[in-house]
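Undergrad: Structure: structure36.pdb, PDB, C-alpha atoms, pLDDT in the B column.
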```
MODEL        1
ATOM      1  CA  MET E  24     -85.847  15.876  46.992  1.00 60.00           C
ATOM      2  CA  ASP E  25     -84.292  17.979  49.744  1.00 75.00           C
ATOM      3  CA  LYS E  26     -87.083  20.162  51.127  1.00 88.00           C
ATOM      4  CA  ARG E  27     -85.239  21.415  54.183  1.00 92.00           C
ATOM      5  CA  ILE E  28     -85.138  25.187  54.712  1.00 95.00           C
ATOM      6  CA  LEU E  29     -83.033  27.378  56.982  1.00 96.00           C
ATOM      7  CA  LEU E  30     -84.983  30.511  57.949  1.00 96.00           C
ATOM      8  CA  ILE E  31     -82.838  33.372  59.262  1.00 96.00           C
ATOM      9  CA  GLY E  32     -84.311  36.484  60.880  1.00 93.00           C
ATOM     10  CA  GLU E  33     -83.645  39.125  63.507  1.00 85.00           C
ATOM     11  CA  THR E  34     -86.256  37.963  65.988  1.00 74.00           C
ATOM     12  CA  VAL E  35     -89.155  35.556  66.224  1.00 66.00           C
ATOM     13  CA  GLY E  36     -92.363  37.327  65.253  1.00 73.00           C
ATOM     14  CA  PHE E  37     -95.709  36.932  63.568  1.00 81.00           C
ATOM     15  CA  MET E  38     -94.376  36.832  59.996  1.00 83.00           C
ATOM     16  CA  MET E  39     -91.548  34.451  60.862  1.00 88.00           C
ATOM     17  CA  ASN E  40     -94.053  32.079  62.445  1.00 89.00           C
ATOM     18  CA  ALA E  41     -96.388  32.495  59.471  1.00 90.00           C
ATOM     19  CA  ILE E  42     -93.568  31.522  57.086  1.00 92.00           C
ATOM     20  CA  ILE E  43     -92.741  28.435  59.146  1.00 93.00           C
ATOM     21  CA  THR E  44     -96.365  27.321  59.377  1.00 93.00           C
ATOM     22  CA  GLY E  45     -97.077  28.032  55.702  1.00 93.00           C
ATOM     23  CA  LEU E  46     -93.998  26.193  54.400  1.00 94.00           C
ATOM     24  CA  GLN E  47     -94.642  23.230  56.666  1.00 94.00           C
ATOM     25  CA  LYS E  48     -98.098  22.934  55.110  1.00 93.00           C
ATOM     26  CA  GLU E  49     -96.385  22.767  51.710  1.00 91.00           C
ATOM     27  CA  GLY E  50     -94.189  19.879  52.846  1.00 92.00           C
ATOM     28  CA  TYR E  51     -91.065  21.797  53.827  1.00 94.00           C
ATOM     29  CA  GLU E  52     -89.028  21.147  56.950  1.00 94.00           C
ATOM     30  CA  VAL E  53     -88.087  24.545  58.387  1.00 94.00           C
ATOM     31  CA  GLU E  54     -85.270  25.245  60.840  1.00 93.00           C
ATOM     32  CA  GLU E  55     -85.240  28.733  62.326  1.00 93.00           C
ATOM     33  CA  VAL E  56     -82.155  30.552  63.559  1.00 93.00           C
ATOM     34  CA  ALA E  57     -81.383  34.075  64.754  1.00 92.00           C
ATOM     35  CA  ALA E  58     -79.202  36.250  62.518  1.00 94.00           C
ATOM     36  CA  ARG E  59     -76.092  35.835  64.622  1.00 94.00           C
ATOM     37  CA  ILE E  60     -72.856  34.256  63.472  1.00 95.00           C
ATOM     38  CA  ASN E  61     -72.437  32.077  66.558  1.00 94.00           C
ATOM     39  CA  GLU E  62     -75.981  30.712  66.146  1.00 93.00           C
ATOM     40  CA  VAL E  63     -75.504  29.765  62.486  1.00 94.00           C
ATOM     41  CA  GLU E  64     -72.151  28.168  63.288  1.00 94.00           C
ATOM     42  CA  LYS E  65     -73.920  25.733  65.619  1.00 93.00           C
ATOM     43  CA  ILE E  66     -75.744  24.156  62.641  1.00 93.00           C
ATOM     44  CA  SER E  67     -73.728  21.126  61.570  1.00 86.00           C
ATOM     45  CA  ASP E  68     -75.649  20.450  58.349  1.00 89.00           C
ATOM     46  CA  ILE E  69     -76.952  23.667  56.810  1.00 92.00           C
ATOM     47  CA  PRO E  70     -79.889  23.093  54.427  1.00 93.00           C
ATOM     48  CA  LYS E  71     -79.233  23.856  50.770  1.00 90.00           C
ATOM     49  CA  LYS E  72     -81.994  26.491  50.724  1.00 94.00           C
ATOM     50  CA  VAL E  73     -81.819  29.550  52.980  1.00 96.00           C
ATOM     51  CA  ILE E  74     -84.448  32.245  53.502  1.00 96.00           C
ATOM     52  CA  LEU E  75     -83.143  35.537  54.894  1.00 96.00           C
ATOM     53  CA  TYR E  76     -85.971  37.591  56.398  1.00 95.00           C
ATOM     54  CA  LEU E  77     -84.711  41.164  56.515  1.00 94.00           C
ATOM     55  CA  GLY E  78     -85.502  43.887  58.998  1.00 90.00           C
ATOM     56  CA  SER E  79     -84.011  47.376  59.022  1.00 88.00           C
ATOM     57  CA  THR E  80     -81.289  46.390  61.505  1.00 91.00           C
ATOM     58  CA  LEU E  81     -80.342  43.133  59.788  1.00 93.00           C
ATOM     59  CA  ALA E  82     -80.253  44.782  56.344  1.00 91.00           C
ATOM     60  CA  ALA E  83     -77.379  46.972  57.569  1.00 91.00           C
ATOM     61  CA  ASP E  84     -75.558  44.320  59.645  1.00 93.00           C
ATOM     62  CA  SER E  85     -72.385  44.178  57.548  1.00 94.00           C
ATOM     63  CA  GLU E  86     -70.608  41.575  59.682  1.00 96.00           C
ATOM     64  CA  PHE E  87     -73.407  39.021  59.538  1.00 96.00           C
ATOM     65  CA  LEU E  88     -74.321  39.646  55.892  1.00 96.00           C
ATOM     66  CA  VAL E  89     -70.708  39.251  54.719  1.00 95.00           C
ATOM     67  CA  TYR E  90     -70.482  36.070  56.800  1.00 96.00           C
ATOM     68  CA  LEU E  91     -73.689  34.749  55.225  1.00 96.00           C
ATOM     69  CA  LYS E  92     -72.468  35.648  51.730  1.00 94.00           C
ATOM     70  CA  ASP E  93     -69.300  33.595  52.285  1.00 92.00           C
ATOM     71  CA  ILE E  94     -71.335  30.645  53.592  1.00 92.00           C
ATOM     72  CA  VAL E  95     -73.677  30.766  50.603  1.00 92.00           C
ATOM     73  CA  ILE E  96     -70.756  30.865  48.151  1.00 86.00           C
ATOM     74  CA  GLY E  97     -68.629  28.305  49.991  1.00 83.00           C
ATOM     75  CA  LYS E  98     -71.420  25.737  50.341  1.00 84.00           C
ATOM     76  CA  HIS E  99     -73.287  26.784  47.171  1.00 81.00           C
ATOM     77  CA  LEU E 100     -76.570  27.413  48.922  1.00 90.00           C
ATOM     78  CA  SER E 101     -79.709  28.857  47.336  1.00 92.00           C
ATOM     79  CA  LEU E 102     -80.434  32.175  49.056  1.00 95.00           C
ATOM     80  CA  PHE E 103     -83.935  33.675  49.068  1.00 96.00           C
ATOM     81  CA  VAL E 104     -84.239  37.178  50.548  1.00 96.00           C
ATOM     82  CA  VAL E 105     -87.475  38.652  51.890  1.00 94.00           C
ATOM     83  CA  GLY E 106     -87.696  42.386  52.622  1.00 93.00           C
ATOM     84  CA  ASN E 107     -88.899  45.794  51.485  1.00 94.00           C
ATOM     85  CA  ASP E 108     -87.238  47.991  48.871  1.00 94.00           C
ATOM     86  CA  GLN E 109     -85.083  49.942  51.338  1.00 95.00           C
ATOM     87  CA  GLU E 110     -83.921  46.813  53.159  1.00 95.00           C
ATOM     88  CA  MET E 111     -82.973  45.197  49.856  1.00 95.00           C
ATOM     89  CA  GLU E 112     -81.001  48.277  48.847  1.00 94.00           C
ATOM     90  CA  ASP E 113     -79.129  48.319  52.166  1.00 94.00           C
ATOM     91  CA  MET E 114     -78.364  44.604  51.939  1.00 95.00           C
ATOM     92  CA  ASP E 115     -77.024  44.959  48.380  1.00 94.00           C
ATOM     93  CA  ASN E 116     -73.955  46.690  49.846  1.00 93.00           C
ATOM     94  CA  TYR E 117     -72.853  43.370  51.365  1.00 94.00           C
ATOM     95  CA  ILE E 118     -74.442  40.547  49.343  1.00 94.00           C
ATOM     96  CA  PRO E 119     -74.097  40.962  45.552  1.00 90.00           C
ATOM     97  CA  ALA E 120     -76.941  40.060  43.221  1.00 89.00           C
ATOM     98  CA  GLU E 121     -75.177  37.036  41.718  1.00 85.00           C
ATOM     99  CA  VAL E 122     -75.172  35.319  45.118  1.00 90.00           C
ATOM    100  CA  ILE E 123     -78.952  35.617  45.560  1.00 94.00           C
ATOM    101  CA  THR E 124     -81.325  33.082  44.012  1.00 92.00           C
ATOM    102  CA  ASP E 125     -84.455  35.207  44.389  1.00 92.00           C
ATOM    103  CA  LYS E 126     -85.703  38.384  46.071  1.00 94.00           C
ATOM    104  CA  ILE E 127     -89.248  38.502  47.435  1.00 93.00           C
ATOM    105  CA  LEU E 128     -90.733  41.861  48.362  1.00 93.00           C
ATOM    106  CA  ARG E 129     -93.066  42.263  51.309  1.00 89.00           C
ATOM    107  CA  PRO E 130     -96.005  42.015  51.824  1.00 88.00           C
ATOM    108  CA  LEU E 131     -95.248  38.315  51.543  1.00 87.00           C
ATOM    109  CA  ASN E 132     -97.527  35.619  50.173  1.00 88.00           C
ATOM    110  CA  VAL E 133     -96.180  32.414  51.762  1.00 90.00           C
ATOM    111  CA  LYS E 134     -97.804  30.183  49.158  1.00 89.00           C
ATOM    112  CA  GLN E 135     -96.024  32.088  46.385  1.00 88.00           C
ATOM    113  CA  LEU E 136     -92.772  31.736  48.324  1.00 91.00           C
ATOM    114  CA  ALA E 137     -93.346  27.966  48.473  1.00 91.00           C
ATOM    115  CA  GLU E 138     -93.931  27.923  44.708  1.00 91.00           C
ATOM    116  CA  ARG E 139     -90.601  29.669  44.121  1.00 90.00           C
ATOM    117  CA  LEU E 140     -88.893  27.164  46.414  1.00 92.00           C
ATOM    118  CA  ASP E 141     -90.558  24.326  44.485  1.00 90.00           C
ATOM    119  CA  ILE E 142     -89.043  25.658  41.268  1.00 89.00           C
ATOM    120  CA  GLU E 143     -85.596  25.662  42.858  1.00 87.00           C
ATOM    121  CA  VAL E 144     -86.083  22.111  44.147  1.00 86.00           C
ATOM    122  CA  GLU E 145     -86.947  20.928  40.624  1.00 84.00           C
ATOM    123  CA  LYS E 146     -83.972  22.796  39.164  1.00 79.00           C
ATOM    124  CA  GLU E 147     -81.673  21.155  41.708  1.00 78.00           C
ATOM    125  CA  LYS E 148     -83.087  17.742  40.835  1.00 78.00           C
ATOM    126  CA  ALA E 149     -82.451  18.294  37.117  1.00 75.00           C
ATOM    127  CA  ALA E 150     -79.037  19.828  37.762  1.00 70.00           C
ATOM    128  CA  GLU E 151     -77.831  16.706  39.539  1.00 74.00           C
ATOM    129  CA  GLU E 152     -77.584  15.080  36.107  1.00 79.00           C
ATOM    130  CA  MET E 153     -75.557  17.950  34.627  1.00 86.00           C
ATOM    131  CA  LYS E 154     -71.810  18.365  34.495  1.00 91.00           C
ATOM    132  CA  LYS E 155     -70.642  20.777  37.194  1.00 93.00           C
ATOM    133  CA  ILE E 156     -68.539  23.826  36.338  1.00 95.00           C
ATOM    134  CA  LEU E 157     -66.961  26.282  38.776  1.00 96.00           C
ATOM    135  CA  VAL E 158     -66.368  29.757  37.309  1.00 95.00           C
ATOM    136  CA  VAL E 159     -63.782  31.848  39.157  1.00 95.00           C
ATOM    137  CA  ASP E 160     -63.508  35.554  38.332  1.00 93.00           C
ATOM    138  CA  ASP E 161     -63.253  38.758  40.366  1.00 91.00           C
ATOM    139  CA  ASP E 162     -65.527  40.589  37.894  1.00 90.00           C
ATOM    140  CA  PRO E 163     -69.209  40.140  38.906  1.00 88.00           C
ATOM    141  CA  THR E 164     -70.389  41.111  35.415  1.00 89.00           C
ATOM    142  CA  MET E 165     -68.222  38.408  33.847  1.00 90.00           C
ATOM    143  CA  LEU E 166     -69.497  35.846  36.355  1.00 90.00           C
ATOM    144  CA  ARG E 167     -73.114  36.640  35.562  1.00 88.00           C
ATOM    145  CA  MET E 168     -72.512  36.546  31.808  1.00 91.00           C
ATOM    146  CA  ILE E 169     -70.772  33.165  31.909  1.00 92.00           C
ATOM    147  CA  LYS E 170     -73.402  31.730  34.231  1.00 90.00           C
ATOM    148  CA  SER E 171     -76.162  32.892  31.881  1.00 89.00           C
ATOM    149  CA  LEU E 172     -74.313  31.356  28.928  1.00 91.00           C
ATOM    150  CA  LEU E 173     -73.686  27.958  30.510  1.00 92.00           C
ATOM    151  CA  GLU E 174     -76.547  27.285  32.904  1.00 86.00           C
ATOM    152  CA  LYS E 175     -78.935  25.805  30.324  1.00 85.00           C
ATOM    153  CA  LYS E 176     -76.541  22.901  29.744  1.00 89.00           C
ATOM    154  CA  TYR E 177     -74.366  22.799  32.866  1.00 91.00           C
ATOM    155  CA  ARG E 178     -74.652  23.228  36.602  1.00 88.00           C
ATOM    156  CA  VAL E 179     -72.729  26.429  37.239  1.00 91.00           C
ATOM    157  CA  TYR E 180     -71.127  27.542  40.490  1.00 91.00           C
ATOM    158  CA  MET E 181     -69.490  30.949  40.949  1.00 91.00           C
ATOM    159  CA  ALA E 182     -66.601  32.213  43.057  1.00 91.00           C
ATOM    160  CA  GLY E 183     -65.558  35.869  43.144  1.00 89.00           C
ATOM    161  CA  SER E 184     -61.972  35.247  44.241  1.00 91.00           C
ATOM    162  CA  GLY E 185     -59.315  32.561  44.302  1.00 91.00           C
ATOM    163  CA  MET E 186     -59.739  31.911  48.010  1.00 91.00           C
ATOM    164  CA  ASN E 187     -63.516  31.610  47.646  1.00 90.00           C
ATOM    165  CA  ALA E 188     -62.853  28.982  44.980  1.00 92.00           C
ATOM    166  CA  ILE E 189     -60.498  27.021  47.243  1.00 92.00           C
ATOM    167  CA  THR E 190     -63.045  27.146  50.063  1.00 90.00           C
ATOM    168  CA  PHE E 191     -65.780  25.926  47.742  1.00 91.00           C
ATOM    169  CA  LEU E 192     -63.659  23.057  46.409  1.00 92.00           C
ATOM    170  CA  ALA E 193     -62.951  21.856  49.931  1.00 88.00           C
ATOM    171  CA  ASN E 194     -66.628  20.867  50.223  1.00 83.00           C
ATOM    172  CA  ASN E 195     -67.805  20.345  46.645  1.00 88.00           C
ATOM    173  CA  LYS E 196     -66.827  18.349  43.563  1.00 89.00           C
ATOM    174  CA  VAL E 197     -66.877  19.765  40.042  1.00 94.00           C
ATOM    175  CA  ASP E 198     -66.077  18.442  36.564  1.00 95.00           C
ATOM    176  CA  LEU E 199     -64.347  21.578  35.251  1.00 96.00           C
ATOM    177  CA  ILE E 200     -62.988  24.910  36.512  1.00 96.00           C
ATOM    178  CA  LEU E 201     -63.012  28.089  34.406  1.00 95.00           C
ATOM    179  CA  LEU E 202     -60.334  30.193  36.082  1.00 93.00           C
ATOM    180  CA  ASP E 203     -59.594  33.884  35.552  1.00 91.00           C
ATOM    181  CA  TYR E 204     -55.854  34.248  35.035  1.00 87.00           C
ATOM    182  CA  GLU E 205     -55.519  37.803  36.332  1.00 86.00           C
ATOM    183  CA  MET E 206     -57.049  38.342  39.779  1.00 87.00           C
ATOM    184  CA  PRO E 207     -55.974  40.529  42.706  1.00 86.00           C
ATOM    185  CA  VAL E 208     -54.545  39.038  45.930  1.00 87.00           C
ATOM    186  CA  VAL E 209     -54.428  35.442  44.642  1.00 88.00           C
ATOM    187  CA  SER E 210     -53.765  35.090  40.905  1.00 86.00           C
ATOM    188  CA  GLY E 211     -55.176  32.364  38.705  1.00 86.00           C
ATOM    189  CA  ALA E 212     -51.734  30.795  38.470  1.00 85.00           C
ATOM    190  CA  LYS E 213     -51.487  30.592  42.266  1.00 88.00           C
ATOM    191  CA  VAL E 214     -55.007  29.159  42.517  1.00 90.00           C
ATOM    192  CA  LEU E 215     -54.088  26.425  40.022  1.00 89.00           C
ATOM    193  CA  GLU E 216     -50.965  25.668  42.028  1.00 87.00           C
ATOM    194  CA  MET E 217     -53.094  25.270  45.163  1.00 90.00           C
ATOM    195  CA  ILE E 218     -55.583  23.070  43.310  1.00 91.00           C
ATOM    196  CA  ARG E 219     -52.805  20.796  42.045  1.00 87.00           C
ATOM    197  CA  SER E 220     -51.256  20.524  45.509  1.00 87.00           C
ATOM    198  CA  GLU E 221     -54.308  18.865  47.080  1.00 88.00           C
ATOM    199  CA  VAL E 222     -55.064  15.182  46.487  1.00 90.00           C
ATOM    200  CA  THR E 223     -58.827  15.805  46.383  1.00 90.00           C
ATOM    201  CA  THR E 224     -58.591  18.501  43.680  1.00 91.00           C
ATOM    202  CA  GLN E 225     -55.390  17.815  41.774  1.00 89.00           C
ATOM    203  CA  ASP E 226     -57.107  15.998  38.893  1.00 90.00           C
ATOM    204  CA  ILE E 227     -59.866  18.564  38.254  1.00 93.00           C
ATOM    205  CA  PRO E 228     -59.444  19.942  34.714  1.00 94.00           C
ATOM    206  CA  VAL E 229     -58.897  23.700  34.514  1.00 94.00           C
ATOM    207  CA  MET E 230     -59.393  26.120  31.632  1.00 93.00           C
ATOM    208  CA  PHE E 231     -57.931  29.578  31.980  1.00 90.00           C
ATOM    209  CA  LEU E 232     -59.843  32.735  31.090  1.00 87.00           C
ATOM    210  CA  THR E 233     -57.517  35.523  30.030  1.00 83.00           C
ATOM    211  CA  SER E 234     -57.691  38.856  28.244  1.00 81.00           C
ATOM    212  CA  LYS E 235     -54.051  38.698  27.101  1.00 72.00           C
ATOM    213  CA  ASN E 236     -53.106  37.141  23.780  1.00 69.00           C
ATOM    214  CA  ASP E 237     -49.505  38.274  23.297  1.00 69.00           C
ATOM    215  CA  LYS E 238     -46.909  35.513  22.853  1.00 71.00           C
ATOM    216  CA  ASP E 239     -45.248  35.906  26.272  1.00 73.00           C
ATOM    217  CA  SER E 240     -48.567  35.822  28.125  1.00 66.00           C
ATOM    218  CA  VAL E 241     -49.772  32.819  26.133  1.00 67.00           C
ATOM    219  CA  MET E 242     -46.548  30.900  26.827  1.00 74.00           C
ATOM    220  CA  GLN E 243     -46.811  31.728  30.532  1.00 69.00           C
ATOM    221  CA  VAL E 244     -50.365  30.378  30.622  1.00 66.00           C
ATOM    222  CA  LEU E 245     -49.471  27.241  28.656  1.00 72.00           C
ATOM    223  CA  SER E 246     -46.575  26.489  30.995  1.00 71.00           C
ATOM    224  CA  LEU E 247     -49.154  25.796  33.711  1.00 71.00           C
ATOM    225  CA  LYS E 248     -50.676  23.076  31.496  1.00 78.00           C
ATOM    226  CA  PRO E 249     -54.368  23.961  31.612  1.00 82.00           C
ATOM    227  CA  GLU E 250     -56.795  21.949  29.501  1.00 87.00           C
ATOM    228  CA  LYS E 251     -57.277  25.071  27.387  1.00 86.00           C
ATOM    229  CA  TYR E 252     -57.060  28.806  27.631  1.00 83.00           C
ATOM    230  CA  LEU E 253     -59.980  30.900  26.501  1.00 88.00           C
ATOM    231  CA  LEU E 254     -59.581  34.523  25.535  1.00 88.00           C
ATOM    232  CA  LYS E 255     -62.106  36.878  27.084  1.00 87.00           C
ATOM    233  CA  THR E 256     -62.214  38.659  23.729  1.00 88.00           C
ATOM    234  CA  MET E 257     -63.720  35.548  22.104  1.00 89.00           C
ATOM    235  CA  PRO E 258     -67.424  35.608  21.224  1.00 90.00           C
ATOM    236  CA  PRO E 259     -69.211  33.901  24.140  1.00 86.00           C
ATOM    237  CA  GLY E 260     -70.445  31.182  21.805  1.00 88.00           C
ATOM    238  CA  GLU E 261     -66.833  30.076  21.287  1.00 91.00           C
ATOM    239  CA  TRP E 262     -66.401  29.560  25.027  1.00 89.00           C
ATOM    240  CA  LEU E 263     -69.446  27.306  25.043  1.00 92.00           C
ATOM    241  CA  SER E 264     -68.208  25.406  21.977  1.00 93.00           C
ATOM    242  CA  ASN E 265     -64.828  24.782  23.588  1.00 92.00           C
ATOM    243  CA  ILE E 266     -66.451  23.501  26.770  1.00 94.00           C
ATOM    244  CA  ASP E 267     -68.900  21.312  24.841  1.00 93.00           C
ATOM    245  CA  ASP E 268     -66.048  19.898  22.756  1.00 92.00           C
ATOM    246  CA  TYR E 269     -64.023  19.141  25.881  1.00 91.00           C
ATOM    247  CA  PHE E 270     -66.826  17.167  27.550  1.00 91.00           C
ATOM    248  CA  GLU E 271     -67.675  15.395  24.287  1.00 89.00           C
ATOM    249  CA  LYS E 272     -64.046  14.322  23.926  1.00 87.00           C
ATOM    250  CA  LYS E 273     -63.912  13.117  27.544  1.00 83.00           C
ATOM    251  CA  SER E 274     -67.158  11.221  27.035  1.00 80.00           C
ATOM    252  CA  LYS E 275     -65.720   9.376  24.022  1.00 76.00           C
ATOM    253  CA  GLU E 276     -62.534   8.571  25.923  1.00 73.00           C
ATOM    254  CA  THR E 277     -64.431   7.021  28.846  1.00 65.00           C
ATOM    255  CA  GLY E 278     -67.289   5.560  26.826  1.00 58.00           C
ATOM    256  CA  ASN E 279     -69.838   7.420  28.949  1.00 52.00           C
ATOM    257  CA  LEU E 280     -72.595   9.743  27.838  1.00 47.00           C
ATOM    258  CA  ILE E 281     -72.463  13.380  28.901  1.00 43.00           C
TER     259      ILE E 281
ENDMDL
END
```
Could you write out this file's structure as structure tokens?
TA:
Amino acid sequence: MDKRILLIGETVGFMMNAIITGLQKEGYEVEEVAARINEVEKISDIPKKVILYLGSTLAADSEFLVYLKDIVIGKHLSLFVVGNDQEMEDMDNYIPAEVITDKILRPLNVKQLAERLDIEVEKEKAAEEMKKILVVDDDPTMLRMIKSLLEKKYRVYMAGSGMNAITFLANNKVDLILLDYEMPVVSGAKVLEMIRSEVTTQDIPVMFLTSKNDKDSVMQVLSLKPEKYLLKTMPPGEWLSNIDDYFEKKSKETGNLI
């Protein structure tokens, strides 16, 4: 099990040291770094679990928080945030809720923090055996709903834009992509084109998510040859059934269990 932690804070202080000491006692290996982009960029192998210890200045540091959000999404890190109510509210302007694994309000009990990390470690261990699905949609509500629907059976990753998806796929492998067809800046069709143009991603199966069901729109989607297209107007259970059926069919074709 990977029990490495990256602890990010404004400055070294009593609570930062207390977190390090407490987590080390629980068997975690903690690396501390200042909340500066150039400092984080020096880390060649960022741990999968990150603790962001907020202060009033850091909670409003838009440049760093947006940078951290992109790192968390791109590398699919688990982000734990420690702070007070006001700091959390300020941070929410830059890091959306779906990116954060857990929020821990101060005053902080380090042992309880370790217990929450332990839960995430166990979830990661179990998730290694699951099929991996990347959901790409510019609607945060849709992302959260699909994640909630799928995460009991699949390991779900989320990307809020086409370019975030491409960045994620450069460093991670998945078994299926659920791709929103209509997105600003980079459309689903363009994202699929980019996926098919790269040797490392060209064979990843893609299912389109679309809200359009008129004949012209359907034909346009089908011309891109996705595995399936799923209407957003479908009951969520039908999405899950389609995905289950796809993996069951693939399993029979290869002779492997899901």
Undergrad: Smallest atom-to-atom distance to Leu131 in chain E: which of E:Glu64, E:Thr233, E:Leu100, E:Val105, using only C-alpha atoms?
TA: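 Under the stated criterion, the closest residue is E:Val105.
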Undergrad: Between E:Met111, E:Lys98, E:Glu52, E:Met206, which one has atoms that come closest to Leu75 in chain E, using all atoms listed in the file?
TA: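 Using all atoms listed in the file, Leu75 in chain E sits closest to E:Met111.
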Undergrad: Please indicate the distance in Å from CA of Val222 in chain E to CA of Asp203 in chain E, rounded to one decimal place.
TA: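 About the pair CA of Val222 in chain E and CA of Asp203 in chain E: they are 22.1 Å apart.
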Undergrad: With only C-alpha atoms as the atoms that count, which of E:Ile42, E:Ala150, E:Leu254, E:Ala188 lies nearest to Lys176 in chain E?
TA: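 Of the candidates, the smallest distance to Lys176 in chain E is held by E:Ala150.
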Undergrad: Could you produce a table of the residues of range 52-80 of chain E lying within 12 Å of range 116-126 of chain E, with the nearest pair of atoms per residue and their separation in Å rounded to one decimal, using only C-alpha atoms, ordered by chain and increasing residue number, as a tab-separated table?
TA:
```
residue	atom	partner	partner_atom	distance
E:Lys71	CA	E:Thr124	CA	11.6
E:Lys72	CA	E:Thr124	CA	9.4
E:Val73	CA	E:Thr124	CA	9.7
E:Ile74	CA	E:Asp125	CA	9.6
E:Leu75	CA	E:Lys126	CA	9.6
E:Tyr76	CA	E:Lys126	CA	10.4
E:Leu77	CA	E:Lys126	CA	10.9
```
Undergrad: Out of E:Leu88, E:Glu205, E:Arg167, E:Asp25, which residue has the shortest atom-to-atom distance to Glu147 in chain E when counting all atoms listed in the file?
TA: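 Answer, going by the shortest atom-to-atom distance: E:Asp25.
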Undergrad: List the spatial neighbours of range 182-187 of chain E as a list in words - criterion: any atom at most 9 Å away, all atoms listed in the file, same-chain residues fewer than 4 positions off excluded.
TA: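 So the residues in contact are Asp93, Ile96, Gly97, Leu157, Val158, Val159, Asp160, Asp161, Asp162, Pro163, Leu166, Phe191, Leu192, Leu202, Asp203, Met206, Pro207, Val208, Val209, Ser210, Gly211, Lys213 and Val214 of chain E.
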Undergrad: How many Å lie between CA of Thr34 in chain E and CA of Ala57 in chain E, rounded to one decimal?
TA: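 Between these atoms lies a distance of 6.4 Å.
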Undergrad: Could you state which residues are captured by the PyMOL selection byres ((chain E and resi 31) around 12) in this file, as a PDB file with C-alpha atoms, in the frame of the given file?
TA:
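Okay, selection-v4.pdb is ready:
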```
ATOM      1  CA  ILE E  28     -85.138  25.187  54.712  1.00 95.00           C
ATOM      2  CA  LEU E  29     -83.033  27.378  56.982  1.00 96.00           C
ATOM      3  CA  LEU E  30     -84.983  30.511  57.949  1.00 96.00           C
ATOM      4  CA  GLY E  32     -84.311  36.484  60.880  1.00 93.00           C
ATOM      5  CA  GLU E  33     -83.645  39.125  63.507  1.00 85.00           C
ATOM      6  CA  THR E  34     -86.256  37.963  65.988  1.00 74.00           C
ATOM      7  CA  VAL E  35     -89.155  35.556  66.224  1.00 66.00           C
ATOM      8  CA  GLY E  36     -92.363  37.327  65.253  1.00 73.00           C
ATOM      9  CA  MET E  39     -91.548  34.451  60.862  1.00 88.00           C
ATOM     10  CA  ASN E  40     -94.053  32.079  62.445  1.00 89.00           C
ATOM     11  CA  ILE E  42     -93.568  31.522  57.086  1.00 92.00           C
ATOM     12  CA  ILE E  43     -92.741  28.435  59.146  1.00 93.00           C
ATOM     13  CA  VAL E  53     -88.087  24.545  58.387  1.00 94.00           C
ATOM     14  CA  GLU E  54     -85.270  25.245  60.840  1.00 93.00           C
ATOM     15  CA  GLU E  55     -85.240  28.733  62.326  1.00 93.00           C
ATOM     16  CA  VAL E  56     -82.155  30.552  63.559  1.00 93.00           C
ATOM     17  CA  ALA E  57     -81.383  34.075  64.754  1.00 92.00           C
ATOM     18  CA  ALA E  58     -79.202  36.250  62.518  1.00 94.00           C
ATOM     19  CA  ARG E  59     -76.092  35.835  64.622  1.00 94.00           C
ATOM     20  CA  ILE E  60     -72.856  34.256  63.472  1.00 95.00           C
ATOM     21  CA  GLU E  62     -75.981  30.712  66.146  1.00 93.00           C
ATOM     22  CA  VAL E  63     -75.504  29.765  62.486  1.00 94.00           C
ATOM     23  CA  ILE E  69     -76.952  23.667  56.810  1.00 92.00           C
ATOM     24  CA  PRO E  70     -79.889  23.093  54.427  1.00 93.00           C
ATOM     25  CA  LYS E  72     -81.994  26.491  50.724  1.00 94.00           C
ATOM     26  CA  VAL E  73     -81.819  29.550  52.980  1.00 96.00           C
ATOM     27  CA  ILE E  74     -84.448  32.245  53.502  1.00 96.00           C
ATOM     28  CA  LEU E  75     -83.143  35.537  54.894  1.00 96.00           C
ATOM     29  CA  TYR E  76     -85.971  37.591  56.398  1.00 95.00           C
ATOM     30  CA  LEU E  77     -84.711  41.164  56.515  1.00 94.00           C
ATOM     31  CA  GLY E  78     -85.502  43.887  58.998  1.00 90.00           C
ATOM     32  CA  LEU E  81     -80.342  43.133  59.788  1.00 93.00           C
ATOM     33  CA  PHE E  87     -73.407  39.021  59.538  1.00 96.00           C
ATOM     34  CA  LEU E  88     -74.321  39.646  55.892  1.00 96.00           C
ATOM     35  CA  LEU E  91     -73.689  34.749  55.225  1.00 96.00           C
ATOM     36  CA  LEU E 102     -80.434  32.175  49.056  1.00 95.00           C
ATOM     37  CA  PHE E 103     -83.935  33.675  49.068  1.00 96.00           C
ATOM     38  CA  VAL E 104     -84.239  37.178  50.548  1.00 96.00           C
ATOM     39  CA  VAL E 105     -87.475  38.652  51.890  1.00 94.00           C
TER      40      VAL E 105
END
```
Undergrad: Taking the file as I've supplied it (selection: the PyMOL selection byres ((chain E and resi 255) around 9)), which residues are included? Please answer as a list in words.
TA: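 Matching residues under the PyMOL selection byres ((chain E and resi 255) around 9) are Leu232, Thr233, Ser234, Lys235, Leu253, Leu254, Thr256, Met257, Pro258, Pro259 and Trp262 of chain E.
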Undergrad: Quick one, how far is CA of Leu247 in chain E from CA of Met153 in chain E?
TA: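 About the pair CA of Leu247 in chain E and CA of Met153 in chain E: they are 27.6 Å apart.
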Undergrad: Once the PyMOL selection byres ((chain E and resi 269) around 12) is applied to the coordinates I shared, what remains selected? I want it as a ChimeraX atom specification.
TA: /E:154,198-199,228-230,250-251,262-268,270-276,281
Undergrad: For a quick check of understanding, using all atoms listed in the file, which of E:Gly45, E:His99, E:Arg129, E:Ala149 has the smallest distance to Met181 in chain E?
TA: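 Ranking E:Gly45, E:His99, E:Arg129, E:Ala149 by distance to Met181 in chain E, first place goes to E:His99.
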